[in-house]
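Below is the file structure-v6.csv, which contains CSV, C-alpha atoms and all ligand atoms.
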chain,number,residue,atom,x,y,z
D,1,MET,CA,58.7,147.6,97.5
D,2,PRO,CA,61.0,147.9,100.6
D,3,PHE,CA,64.0,150.1,100.0
D,4,ASP,CA,67.6,149.4,101.1
D,5,VAL,CA,68.2,151.4,104.3
D,6,LYS,CA,72.0,151.2,103.7
D,7,ALA,CA,71.7,153.1,100.4
D,8,LEU,CA,71.0,156.2,102.5
D,9,ASP,CA,73.6,158.8,103.6
D,10,ALA,CA,73.4,160.5,107.0
D,11,ALA,CA,70.9,163.2,105.6
D,12,GLY,CA,68.8,160.4,104.0
D,13,LEU,CA,68.5,158.6,107.4
D,14,ARG,CA,67.4,161.9,109.0
D,15,ARG,CA,64.8,162.4,106.2
D,16,LEU,CA,63.6,158.8,106.8
D,17,ALA,CA,63.2,159.5,110.5
D,18,THR,CA,61.3,162.7,109.8
D,19,SER,CA,59.0,161.0,107.3
D,20,LEU,CA,58.1,158.5,110.0
D,21,GLY,CA,57.3,161.3,112.5
D,22,GLN,CA,60.5,160.7,114.4
D,23,SER,CA,63.3,163.0,115.7
D,24,HIS,CA,66.8,163.2,114.2
D,25,TYR,CA,68.0,161.4,117.4
D,26,ARG,CA,66.3,158.3,116.1
D,27,ALA,CA,68.3,158.6,112.8
D,28,SER,CA,71.5,158.7,114.8
D,29,GLN,CA,70.4,155.7,116.8
D,30,LEU,CA,69.6,153.8,113.6
D,31,ALA,CA,73.0,154.7,112.1
D,32,ARG,CA,74.7,153.4,115.2
D,33,TRP,CA,72.8,150.1,115.0
D,34,LEU,CA,73.6,149.7,111.3
D,35,TYR,CA,77.2,150.6,111.4
D,36,ALA,CA,78.7,150.7,114.9
D,37,ARG,CA,76.7,147.7,116.3
D,38,ARG,CA,76.5,145.8,113.0
D,39,ALA,CA,72.8,144.9,113.4
D,40,ARG,CA,71.5,142.1,111.2
D,41,SER,CA,67.8,143.0,111.6
D,42,PHE,CA,65.6,145.9,112.8
D,43,ASP,CA,64.3,143.6,115.6
D,44,GLU,CA,67.7,143.8,117.3
D,45,MET,CA,67.3,147.6,117.7
D,46,THR,CA,65.7,147.2,121.1
D,47,ASP,CA,66.0,150.9,122.1
D,48,LEU,CA,63.9,152.0,119.2
D,49,PRO,CA,60.1,152.0,119.9
D,50,LYS,CA,58.5,148.7,118.9
D,51,SER,CA,56.1,150.5,116.5
D,52,LEU,CA,59.0,152.1,114.8
D,53,ARG,CA,60.8,148.8,114.4
D,54,ALA,CA,57.6,147.3,112.9
D,55,THR,CA,57.3,150.2,110.4
D,56,LEU,CA,61.0,149.9,109.5
D,57,ASN,CA,60.5,146.2,108.9
D,58,GLU,CA,57.6,147.0,106.5
D,59,GLN,CA,59.2,149.8,104.6
D,60,CYS,CA,62.9,149.0,104.5
D,61,ALA,CA,65.2,146.2,103.7
D,62,LEU,CA,68.3,145.5,105.8
D,63,PHE,CA,71.1,143.2,104.6
D,64,TYR,CA,74.5,142.3,106.0
D,65,PRO,CA,77.0,140.7,103.6
D,66,LEU,CA,77.7,137.0,103.7
D,67,VAL,CA,81.3,135.8,103.9
D,68,VAL,CA,81.3,133.0,101.3
D,69,GLN,CA,85.0,132.4,101.2
D,70,ARG,CA,88.1,133.4,103.0
D,71,HIS,CA,91.8,133.1,102.3
D,72,VAL,CA,94.5,133.7,104.8
D,73,SER,CA,98.0,134.7,103.5
D,74,GLU,CA,101.2,133.6,105.1
D,75,ASP,CA,101.8,137.3,105.9
D,76,GLY,CA,98.6,137.6,107.8
D,77,THR,CA,96.6,139.3,105.1
D,78,ARG,CA,93.1,138.0,104.7
D,79,LYS,CA,90.9,138.2,101.6
D,80,LEU,CA,87.2,137.7,102.1
D,81,LEU,CA,84.7,137.0,99.2
D,82,LEU,CA,81.4,138.5,100.1
D,83,GLN,CA,77.9,137.9,98.7
D,84,LEU,CA,75.6,140.9,98.6
D,85,SER,CA,71.8,141.1,98.7
D,86,ASP,CA,71.4,140.6,94.9
D,87,GLY,CA,73.8,137.7,94.8
D,88,ALA,CA,76.7,139.8,93.5
D,89,PHE,CA,80.2,139.0,94.7
D,90,VAL,CA,82.9,141.4,95.8
D,91,GLU,CA,86.2,141.0,97.6
D,92,CYS,CA,87.8,143.0,100.5
D,93,VAL,CA,91.1,142.5,102.1
D,94,GLY,CA,92.3,143.0,105.7
D,95,ILE,CA,95.9,143.9,106.2
D,96,PRO,CA,97.2,143.8,109.8
D,97,SER,CA,100.5,145.6,110.5
D,98,GLY,CA,102.5,146.7,113.5
D,99,GLU,CA,100.9,146.5,117.0
D,100,ASN,CA,97.4,147.7,116.4
D,101,ARG,CA,97.0,148.6,112.8
D,102,LEU,CA,94.4,147.1,110.7
D,103,THR,CA,93.9,148.4,107.1
D,104,VAL,CA,91.0,147.4,105.0
D,105,CYS,CA,91.1,147.5,101.3
D,106,TYR,CA,87.5,147.7,100.1
D,107,SER,CA,85.7,147.6,96.8
D,108,THR,CA,83.5,150.4,95.5
D,109,GLN,CA,81.9,148.6,92.5
D,110,VAL,CA,81.1,145.1,91.3
D,111,GLY,CA,83.6,144.9,88.5
D,112,CYS,CA,84.9,148.0,86.8
D,113,ALA,CA,84.3,149.8,83.5
D,114,MET,CA,87.8,151.2,83.1
D,115,GLY,CA,89.4,148.1,81.6
D,116,CYS,CA,93.0,148.8,82.7
D,117,LEU,CA,95.3,146.4,81.0
D,118,MET,CA,97.1,145.0,84.0
D,119,CYS,CA,94.1,144.7,86.3
D,120,ALA,CA,92.1,141.5,86.9
D,121,THR,CA,89.0,143.5,88.0
D,122,GLY,CA,89.0,145.4,84.7
D,123,ARG,CA,88.6,142.2,82.7
D,124,SER,CA,85.0,141.6,83.8
D,125,GLY,CA,83.5,145.0,82.9
D,126,LEU,CA,81.1,146.8,85.3
D,127,THR,CA,78.1,145.0,86.8
D,128,ARG,CA,77.0,147.8,89.2
D,129,SER,CA,78.2,150.3,91.8
D,130,LEU,CA,78.0,149.5,95.5
D,131,THR,CA,75.8,151.4,97.9
D,132,THR,CA,77.1,153.4,100.8
D,133,GLY,CA,76.4,150.6,103.3
D,134,GLU,CA,77.9,147.9,101.1
D,135,MET,CA,81.2,149.9,101.1
D,136,LEU,CA,81.1,150.5,104.8
D,137,ASP,CA,80.0,146.9,105.7
D,138,GLN,CA,83.2,145.6,104.2
D,139,LEU,CA,85.1,147.3,107.0
D,140,ASN,CA,82.8,145.8,109.6
D,141,VAL,CA,83.0,142.3,108.1
D,142,VAL,CA,86.8,142.4,108.2
D,143,ALA,CA,86.9,143.8,111.7
D,144,GLU,CA,84.6,140.9,112.8
D,145,ASP,CA,86.9,138.4,111.1
D,146,PHE,CA,89.9,139.7,113.0
D,147,SER,CA,88.1,140.0,116.3
D,148,GLU,CA,89.1,136.6,117.7
D,149,PRO,CA,89.9,136.4,120.5
D,150,ASP,CA,90.0,140.1,121.1
D,151,GLN,CA,87.9,142.9,119.6
D,152,VAL,CA,89.9,144.9,117.0
D,153,ARG,CA,89.0,148.0,115.2
D,154,VAL,CA,89.8,149.1,111.7
D,155,THR,CA,92.4,151.9,111.8
D,156,ASN,CA,92.8,152.7,108.1
D,157,ALA,CA,90.7,152.1,105.0
D,158,VAL,CA,91.6,152.4,101.3
D,159,ALA,CA,89.2,152.4,98.4
D,160,MET,CA,91.6,150.3,96.3
D,161,GLY,CA,89.6,147.1,95.9
D,162,GLN,CA,87.4,146.4,92.9
D,163,GLY,CA,86.0,149.3,91.0
D,164,GLU,CA,86.7,152.9,90.3
D,165,PRO,CA,85.7,154.8,93.4
D,166,PHE,CA,85.2,158.2,91.6
D,167,ALA,CA,82.7,156.5,89.2
D,168,ASN,CA,80.6,156.1,92.3
D,169,TYR,CA,81.4,159.4,93.9
D,170,ASP,CA,78.3,160.3,95.9
D,171,ALA,CA,77.8,156.9,97.6
D,172,LEU,CA,81.6,156.8,98.2
D,173,LEU,CA,81.6,160.2,99.9
D,174,ALA,CA,78.7,159.3,102.1
D,175,ALA,CA,80.5,156.1,103.1
D,176,LEU,CA,83.7,158.0,103.9
D,177,ARG,CA,81.7,160.4,106.1
D,178,LEU,CA,80.1,157.5,108.0
D,179,MET,CA,83.5,155.8,108.4
D,180,ASN,CA,84.9,159.1,109.7
D,181,ASP,CA,82.0,159.8,112.1
D,182,PRO,CA,83.2,159.4,115.7
D,183,GLU,CA,79.8,157.9,116.7
D,184,LEU,CA,80.2,155.2,114.1
D,185,LEU,CA,83.6,153.9,112.9
D,186,GLY,CA,85.6,156.9,114.0
D,187,ILE,CA,88.5,156.5,111.5
D,188,GLY,CA,90.4,159.8,111.1
D,189,ALA,CA,90.0,161.4,107.7
D,190,ARG,CA,93.7,161.2,106.9
D,191,ARG,CA,93.5,157.5,107.4
D,192,LEU,CA,90.8,157.2,104.8
D,193,SER,CA,92.3,157.0,101.3
D,194,VAL,CA,90.8,156.9,97.9
D,195,SER,CA,92.6,155.7,94.8
D,196,THR,CA,91.4,156.8,91.4
D,197,CYS,CA,92.6,156.0,87.9
D,198,GLY,CA,92.3,159.7,87.3
D,199,LEU,CA,88.8,161.1,86.8
D,200,LEU,CA,89.4,164.8,86.6
D,201,ARG,CA,86.1,166.3,87.5
D,202,GLN,CA,85.9,164.2,90.7
D,203,ILE,CA,89.5,165.0,91.6
D,204,GLY,CA,88.3,168.6,91.6
D,205,ARG,CA,85.3,167.8,93.8
D,206,PHE,CA,87.4,165.8,96.2
D,207,GLY,CA,89.8,168.7,96.7
D,208,ASP,CA,86.8,170.9,97.6
D,209,GLU,CA,85.5,168.5,100.3
D,210,PRO,CA,86.0,169.9,103.8
D,211,GLU,CA,87.5,166.7,105.2
D,212,GLN,CA,91.2,165.8,104.9
D,213,PHE,CA,90.7,162.5,103.1
D,214,THR,CA,93.7,161.2,101.3
D,215,LEU,CA,94.0,161.0,97.5
D,216,ALA,CA,96.0,158.5,95.4
D,217,VAL,CA,96.1,158.5,91.6
D,218,SER,CA,97.2,155.5,89.5
D,219,LEU,CA,99.7,157.2,87.2
D,220,HIS,CA,101.7,154.2,86.1
D,221,SER,CA,103.4,156.3,83.4
D,222,ALA,CA,104.2,159.9,82.7
D,223,VAL,CA,104.7,159.1,79.0
D,224,GLN,CA,101.4,159.7,77.2
D,225,ALA,CA,101.6,156.7,74.8
D,226,THR,CA,102.4,154.3,77.6
D,227,ARG,CA,99.6,155.6,79.9
D,228,ASP,CA,97.2,155.3,76.9
D,229,LEU,CA,98.2,151.7,76.5
D,230,LEU,CA,97.8,150.8,80.2
D,231,LEU,CA,94.6,152.8,80.8
D,232,PRO,CA,92.8,152.6,77.4
D,233,ARG,CA,89.6,154.2,78.6
D,234,LEU,CA,91.5,157.3,79.6
D,235,SER,CA,93.5,157.6,76.4
D,236,ALA,CA,91.8,160.8,75.5
D,237,GLN,CA,93.1,162.4,78.7
D,238,PRO,CA,96.3,164.5,78.3
D,239,LEU,CA,98.7,163.9,81.2
D,240,THR,CA,99.2,167.6,81.4
D,241,ASP,CA,95.4,167.9,82.4
D,242,LEU,CA,95.8,165.2,85.0
D,243,ARG,CA,98.8,167.0,86.5
D,244,SER,CA,97.0,170.4,86.5
D,245,ALA,CA,94.0,168.7,88.3
D,246,LEU,CA,96.5,167.4,90.9
D,247,VAL,CA,98.2,170.7,91.4
D,248,ARG,CA,94.8,172.4,91.9
D,249,TYR,CA,93.9,169.6,94.4
D,250,ARG,CA,97.0,170.2,96.4
D,251,LEU,CA,96.5,173.9,96.5
D,252,LYS,CA,92.8,173.6,97.5
D,253,SER,CA,93.1,170.8,100.0
D,254,GLY,CA,96.6,171.5,101.3
D,255,ARG,CA,97.2,167.8,101.0
D,256,ARG,CA,99.9,166.0,99.1
D,257,PRO,CA,98.5,163.5,96.5
D,258,THR,CA,100.1,160.1,96.1
D,259,LEU,CA,101.1,158.8,92.7
D,260,GLU,CA,100.8,155.0,92.3
D,261,PHE,CA,103.3,153.5,89.9
D,262,ALA,CA,103.2,149.8,89.2
D,263,LEU,CA,106.5,148.9,87.5
D,264,VAL,CA,106.3,146.5,84.6
D,265,LYS,CA,109.5,145.1,83.1
D,266,GLY,CA,110.2,146.6,79.7
D,267,ILE,CA,107.0,148.6,79.7
D,268,ASN,CA,107.3,151.5,82.1
D,269,ASP,CA,110.7,150.8,83.8
D,270,THR,CA,112.9,152.3,81.1
D,271,ASP,CA,115.2,155.3,81.4
D,272,GLN,CA,112.8,157.3,79.3
D,273,GLU,CA,109.9,156.5,81.7
D,274,LEU,CA,112.0,157.4,84.7
D,275,GLU,CA,112.9,160.8,83.1
D,276,ALA,CA,109.2,161.5,82.3
D,277,LEU,CA,108.2,160.6,85.9
D,278,LEU,CA,110.9,162.9,87.3
D,279,ALA,CA,109.6,165.7,85.0
D,280,PHE,CA,106.0,165.0,86.0
D,281,CYS,CA,107.0,165.4,89.6
D,282,ALA,CA,109.2,168.4,89.1
D,283,GLY,CA,107.1,170.3,86.6
D,284,ALA,CA,109.9,170.1,84.0
D,285,GLY,CA,110.2,169.0,80.3
D,286,ALA,CA,106.8,168.2,78.9
D,287,TYR,CA,105.3,169.4,82.2
D,288,LEU,CA,107.1,172.8,82.4
D,289,ASP,CA,105.2,175.6,84.1
D,290,GLY,CA,102.5,173.4,85.4
D,291,GLY,CA,103.0,174.5,88.9
D,292,ILE,CA,104.3,172.7,92.0
D,293,LEU,CA,102.9,169.2,92.5
D,294,ASP,CA,104.7,168.0,95.6
D,295,ALA,CA,103.4,164.5,95.2
D,296,HIS,CA,104.4,161.3,97.1
D,297,VAL,CA,105.4,158.5,94.7
D,298,ASN,CA,104.5,155.0,95.6
D,299,LEU,CA,106.4,152.4,93.6
D,300,ILE,CA,104.9,148.9,93.4
D,301,PRO,CA,106.4,146.0,91.4
D,302,LEU,CA,103.6,144.7,89.1
D,303,ASN,CA,101.5,142.0,90.7
D,304,VAL,CA,101.3,139.1,88.4
D,305,VAL,CA,97.8,138.4,86.9
D,306,ASP,CA,96.6,135.4,84.9
D,307,HIS,CA,95.6,137.2,81.7
D,308,LEU,CA,99.0,138.9,80.9
D,309,ASN,CA,102.5,137.5,80.6
D,310,TRP,CA,104.0,140.7,81.8
D,311,LYS,CA,106.6,140.6,84.5
D,312,PRO,CA,107.3,142.9,87.4
D,313,ALA,CA,110.4,145.1,87.1
D,314,THR,CA,113.4,143.6,88.9
D,315,ALA,CA,114.0,144.6,92.5
D,316,GLY,CA,117.1,146.3,91.4
D,317,ARG,CA,115.3,148.4,88.9
D,318,VAL,CA,112.6,149.4,91.4
D,319,LYS,CA,115.4,150.5,93.8
D,320,GLU,CA,117.0,152.6,91.0
D,321,PHE,CA,113.7,154.3,90.4
D,322,GLY,CA,113.4,155.0,94.1
D,323,ALA,CA,116.9,156.3,94.4
D,324,ALA,CA,116.6,158.6,91.4
D,325,LEU,CA,113.3,160.1,92.7
D,326,ALA,CA,114.7,160.5,96.2
D,327,SER,CA,117.8,162.3,95.0
D,328,ALA,CA,115.6,164.6,93.0
D,329,GLY,CA,113.9,165.5,96.3
D,330,VAL,CA,110.7,163.5,95.6
D,331,GLU,CA,109.2,161.7,98.5
D,332,VAL,CA,109.0,158.1,97.5
D,333,SER,CA,108.2,154.7,99.0
D,334,VAL,CA,108.4,151.2,97.7
D,335,ARG,CA,105.2,149.4,98.6
D,336,ALA,CA,105.8,145.8,99.6
D,337,SER,CA,102.9,143.9,98.2
D,338,ARG,CA,100.9,142.0,100.7
D,339,GLY,CA,98.8,138.9,100.2
D,340,GLY,CA,100.2,137.9,96.8
D,341,ASP,CA,100.0,134.2,97.6
D,342,ILE,CA,96.2,134.5,97.9
D,343,ALA,CA,95.7,136.8,94.9
D,344,ALA,CA,94.8,139.7,97.3
D,345,ALA,CA,97.3,142.2,96.1
D,346,CYS,CA,96.5,145.3,94.0
D,347,GLY,CA,95.1,144.4,90.6
D,348,GLN,CA,94.5,140.8,91.5
D,349,LEU,CA,90.9,141.0,92.8
D,350,ALA,CA,88.6,139.2,90.5
D,351,ALA,CA,85.8,138.1,92.8
D,352,THR,CA,85.6,134.6,91.5
D,353,LYS,CA,85.6,131.5,93.7
D,354,LYS,CA,88.9,129.7,93.8
P,401,LIG,N1,90.2,151.9,90.5
P,401,LIG,C1,91.1,152.5,91.3
P,401,LIG,C2,91.3,151.7,92.6
P,401,LIG,C3,91.4,150.2,92.6
P,401,LIG,S1,92.8,149.5,91.7
P,401,LIG,C4,92.4,152.8,90.7
P,401,LIG,O1,92.6,152.3,89.6
P,401,LIG,O2,93.2,153.5,91.2
P,401,LIG,C5,94.0,149.6,93.0
P,401,LIG,C6,95.5,149.8,92.5
P,401,LIG,O3,96.0,148.7,91.9
P,401,LIG,C7,95.6,150.9,91.4
P,401,LIG,O4,96.6,151.8,91.7
P,401,LIG,C8,95.8,150.1,90.2
P,401,LIG,O5,96.4,150.8,89.1
P,401,LIG,C9,96.7,149.0,90.7
P,401,LIG,N2,96.9,147.8,89.9
P,401,LIG,C10,96.0,147.3,89.0
P,401,LIG,N3,96.6,146.2,88.4
P,401,LIG,C11,97.8,146.0,89.1
P,401,LIG,C12,98.8,145.0,89.0
P,401,LIG,N4,98.7,143.9,88.2
P,401,LIG,N5,99.9,145.1,89.8
P,401,LIG,C13,100.0,146.2,90.6
P,401,LIG,N6,99.1,147.1,90.8
P,401,LIG,C14,98.0,147.0,90.0
P,402,LIG,FE1,89.2,149.7,87.4
P,402,LIG,FE2,91.3,150.5,89.0
P,402,LIG,FE3,91.3,148.1,87.8
P,402,LIG,FE4,91.6,150.2,86.3
P,402,LIG,S1,93.0,149.5,87.9
P,402,LIG,S2,90.3,148.5,85.8
P,402,LIG,S3,90.2,151.7,87.4
P,402,LIG,S4,89.9,148.8,89.4
Write-out of the structure in structure tokens:
Amino acid sequence: MPFDVKALDAAGLRRLATSLGQSHYRASQLARWLYARRARSFDEMTDLPKSLRATLNEQCALFYPLVVQRHVSEDGTRKLLLQLSDGAFVECVGIPSGENRLTVCYSTQVGCAMGCLMCATGRSGLTRSLTTGEMLDQLNVVAEDFSEPDQVRVTNAVAMGQGEPFANYDALLAALRLMNDPELLGIGARRLSVSTCGLLRQIGRFGDEPEQFTLAVSLHSAVQATRDLLLPRLSAQPLTDLRSALVRYRLKSGRRPTLEFALVKGINDTDQELEALLAFCAGAGAYLDGGILDAHVNLIPLNVVDHLNWKPATAGRVKEFGAALASAGVEVSVRASRGGDIAAACGQLAATKK
């Protein structure tokens, strides 16, 4: 049974080369063909010896995702529906901005097991996790889609598509390292972000990694009962533990975590919610003596999803949250949602054909 060559990390590719009696140099060549040159087959890899190509053809499977649907937003955002080797569908989004910036929002799983209330992905449950290559390929597919008439490269990537990245930690880390590798995609570590709903053990591991990857946590409420409602699978997790994990992450990595906060009218945009968020940031109230967090808060008005009749907080209320955080000395930004007209915004990815 051939095995998927794109399920391997860099060390796995070196082990494969060794097992075939080849040098590590061949493993680097193979990685470049797979990820920098976007090869569709081993036969294209003309600087590998013919006998090696034949062996690779016998022993390994190589698959490149198929773009089965694309939607282009009026703001330039593009959402691509991809079909993978086993027929599964995932979505990825390309977000151009400024002169030369292209951000890719990629998926890390087919579906998601976390079942967050306001998220379209969470509705379907988890089918499977993606392989390292399936995550990285999404960046290449988007780059190709934007490379008309001129070649473009992906400058930023966020693991904010379908799935919970930290539920697929090892394959994700391997993908981040290949994205970061100057011989492959060459994206700076600080421009590679991961968003988690808050898996504590993995936040700890992420802080220990040597690279300066960026961490975002979907907080959405600093009131325990509200967070339990929004993220039911994490309802056993005390917010004080999440905060401690983030304080440790900041101390270890020297990096400031981002807190994602999607504002829902009447649910988490009340005065009590604002107070709790300020206390979470400052280490006050229920979060007294928890240490300095120094987080960046990202406010996002809720993106409307079919299965809920919840509404986003008003623009005025979002502004008030922003102003209150800023005057308390918290670094805050209001994220303008992109691609809402093609259901490509946060929480809207469902990977169904429309
Ligand atoms: N599973 C990861 C990353 C993917 S979700 C996570 O949960 O962090 C990407 C972001 O979209 C998360 O911050 C998530 O909480 C947010 N999100 C989910 N549904 C949303 C909605 N309807 N409106 C705005 N943001 C939403
Ligand atoms: Fe999964 Fe993130 Fe959606 Fe929650 S918000 S269901 S963790 S993808």
Q: Give the residue list for ligand LIG 402 (chain P) at 8 Å, counting all atoms listed in the file, as a PyMOL selection string, sorted by chain and then by residue number.
A: chain D and resi 111-123+160-164+195-197+218+231+347
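Taking only C-alpha atoms into account, D:Glu144 lies nearest to D:Val67 out of the set D:Asp306, D:Ala171, D:Val67, D:Phe213.
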Wanna dump the stretch 152-186 of chain D-stretch 3-10 of chain D contacts at 9 Å for me, each residue with its shortest atom pair and the distance in Å to one decimal, counting only C-alpha atoms, ordered by chain and number, as CSV?
residue,atom,partner,partner_atom,distance
D:Ala171,CA,D:Asp9,CA,7.6
D:Leu173,CA,D:Asp9,CA,8.9
D:Ala174,CA,D:Asp9,CA,5.3
D:Ala175,CA,D:Asp9,CA,7.4
D:Arg177,CA,D:Ala10,CA,8.3
D:Leu178,CA,D:Ala10,CA,7.4
Q.
Just want the 12 Å neighbourhood of D:Ser97, counted on all atoms listed in the file, with same-chain residues fewer than 5 positions away dropped. Output as an MDAnalysis selection string.
A. chainID D and resid 75:77 102:104 154:156 338
Which centre and which edge lengths, in Å to one decimal, describe the axis-aligned box that holds all listed atoms of ligand LIG 401 (chain P) after 5 Å is added on each side, as JSON?
{"center_x": 95.1, "center_y": 148.7, "center_z": 90.6, "size_x": 19.8, "size_y": 19.6, "size_z": 14.8}
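Among the candidates D:Tyr64, D:Tyr249, D:Trp310, D:Tyr25, the residue lying nearest to ligand LIG 401 (chain P) is D:Trp310 (atoms considered: only C-alpha atoms and all ligand atoms).
Ranking D:Tyr287, D:Phe321, D:Phe261, D:Phe42 by their shortest atom-to-atom distance to ligand LIG 401 (chain P), with only C-alpha atoms and all ligand atoms included, puts D:Phe261 first.
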Q | Near-D:Leu82 list (8 Å; only C-alpha atoms; drop same-chain fewer than 6 positions) as a VMD selection string | A | chain D and resid 65 to 69 89 to 92
For stretch 249-263 of chain D, supply N, CA, C and O atoms and format the output as a PDB file, in the coordinates of the input.
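Full text of selection-v1.pdb as output:
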ATOM      1  N   TYR D 249      94.293 170.321  93.185  1.00  0.00           N
ATOM      2  CA  TYR D 249      93.900 169.600  94.400  1.00  0.00           C
ATOM      3  C   TYR D 249      94.789 169.883  95.553  1.00  0.00           C
ATOM      4  O   TYR D 249      94.323 170.126  96.664  1.00  0.00           O
ATOM      5  N   ARG D 250      96.103 169.911  95.294  1.00  0.00           N
ATOM      6  CA  ARG D 250      97.000 170.200  96.400  1.00  0.00           C
ATOM      7  C   ARG D 250      96.871 171.582  96.938  1.00  0.00           C
ATOM      8  O   ARG D 250      96.874 171.798  98.144  1.00  0.00           O
ATOM      9  N   LEU D 251      96.654 172.536  96.026  1.00  0.00           N
ATOM     10  CA  LEU D 251      96.500 173.900  96.500  1.00  0.00           C
ATOM     11  C   LEU D 251      95.222 174.078  97.320  1.00  0.00           C
ATOM     12  O   LEU D 251      95.212 174.745  98.343  1.00  0.00           O
ATOM     13  N   LYS D 252      94.137 173.453  96.855  1.00  0.00           N
ATOM     14  CA  LYS D 252      92.800 173.600  97.500  1.00  0.00           C
ATOM     15  C   LYS D 252      92.797 172.863  98.857  1.00  0.00           C
ATOM     16  O   LYS D 252      92.289 173.355  99.854  1.00  0.00           O
ATOM     17  N   SER D 253      93.296 171.626  98.835  1.00  0.00           N
ATOM     18  CA  SER D 253      93.100 170.800 100.000  1.00  0.00           C
ATOM     19  C   SER D 253      94.300 170.949 100.988  1.00  0.00           C
ATOM     20  O   SER D 253      94.188 170.605 102.157  1.00  0.00           O
ATOM     21  N   GLY D 254      95.424 171.469 100.483  1.00  0.00           N
ATOM     22  CA  GLY D 254      96.600 171.500 101.300  1.00  0.00           C
ATOM     23  C   GLY D 254      97.214 170.148 101.535  1.00  0.00           C
ATOM     24  O   GLY D 254      98.083 169.954 102.376  1.00  0.00           O
ATOM     25  N   ARG D 255      96.745 169.164 100.784  1.00  0.00           N
ATOM     26  CA  ARG D 255      97.200 167.800 101.000  1.00  0.00           C
ATOM     27  C   ARG D 255      98.033 167.347  99.792  1.00  0.00           C
ATOM     28  O   ARG D 255      97.774 167.714  98.661  1.00  0.00           O
ATOM     29  N   ARG D 256      98.994 166.506 100.099  1.00  0.00           N
ATOM     30  CA  ARG D 256      99.900 166.000  99.100  1.00  0.00           C
ATOM     31  C   ARG D 256      99.284 164.735  98.446  1.00  0.00           C
ATOM     32  O   ARG D 256      99.003 163.783  99.159  1.00  0.00           O
ATOM     33  N   PRO D 257      99.083 164.738  97.117  1.00  0.00           N
ATOM     34  CA  PRO D 257      98.500 163.500  96.500  1.00  0.00           C
ATOM     35  C   PRO D 257      99.620 162.437  96.377  1.00  0.00           C
ATOM     36  O   PRO D 257     100.805 162.757  96.321  1.00  0.00           O
ATOM     37  N   THR D 258      99.188 161.206  96.344  1.00  0.00           N
ATOM     38  CA  THR D 258     100.100 160.100  96.100  1.00  0.00           C
ATOM     39  C   THR D 258      99.963 159.655  94.644  1.00  0.00           C
ATOM     40  O   THR D 258      98.853 159.621  94.111  1.00  0.00           O
ATOM     41  N   LEU D 259     101.087 159.347  94.014  1.00  0.00           N
ATOM     42  CA  LEU D 259     101.100 158.800  92.700  1.00  0.00           C
ATOM     43  C   LEU D 259     101.421 157.314  92.744  1.00  0.00           C
ATOM     44  O   LEU D 259     102.499 156.970  93.226  1.00  0.00           O
ATOM     45  N   GLU D 260     100.502 156.453  92.302  1.00  0.00           N
ATOM     46  CA  GLU D 260     100.800 155.000  92.300  1.00  0.00           C
ATOM     47  C   GLU D 260     101.481 154.669  90.985  1.00  0.00           C
ATOM     48  O   GLU D 260     101.048 155.093  89.904  1.00  0.00           O
ATOM     49  N   PHE D 261     102.534 153.887  91.081  1.00  0.00           N
ATOM     50  CA  PHE D 261     103.300 153.500  89.900  1.00  0.00           C
ATOM     51  C   PHE D 261     103.685 152.064  89.983  1.00  0.00           C
ATOM     52  O   PHE D 261     104.577 151.686  90.729  1.00  0.00           O
ATOM     53  N   ALA D 262     102.955 151.219  89.240  1.00  0.00           N
ATOM     54  CA  ALA D 262     103.200 149.800  89.200  1.00  0.00           C
ATOM     55  C   ALA D 262     104.267 149.507  88.135  1.00  0.00           C
ATOM     56  O   ALA D 262     103.986 149.728  86.954  1.00  0.00           O
ATOM     57  N   LEU D 263     105.436 149.049  88.517  1.00  0.00           N
ATOM     58  CA  LEU D 263     106.500 148.900  87.500  1.00  0.00           C
ATOM     59  C   LEU D 263     106.476 147.575  86.816  1.00  0.00           C
ATOM     60  O   LEU D 263     106.511 146.507  87.426  1.00  0.00           O
TER      61      LEU D 263
END
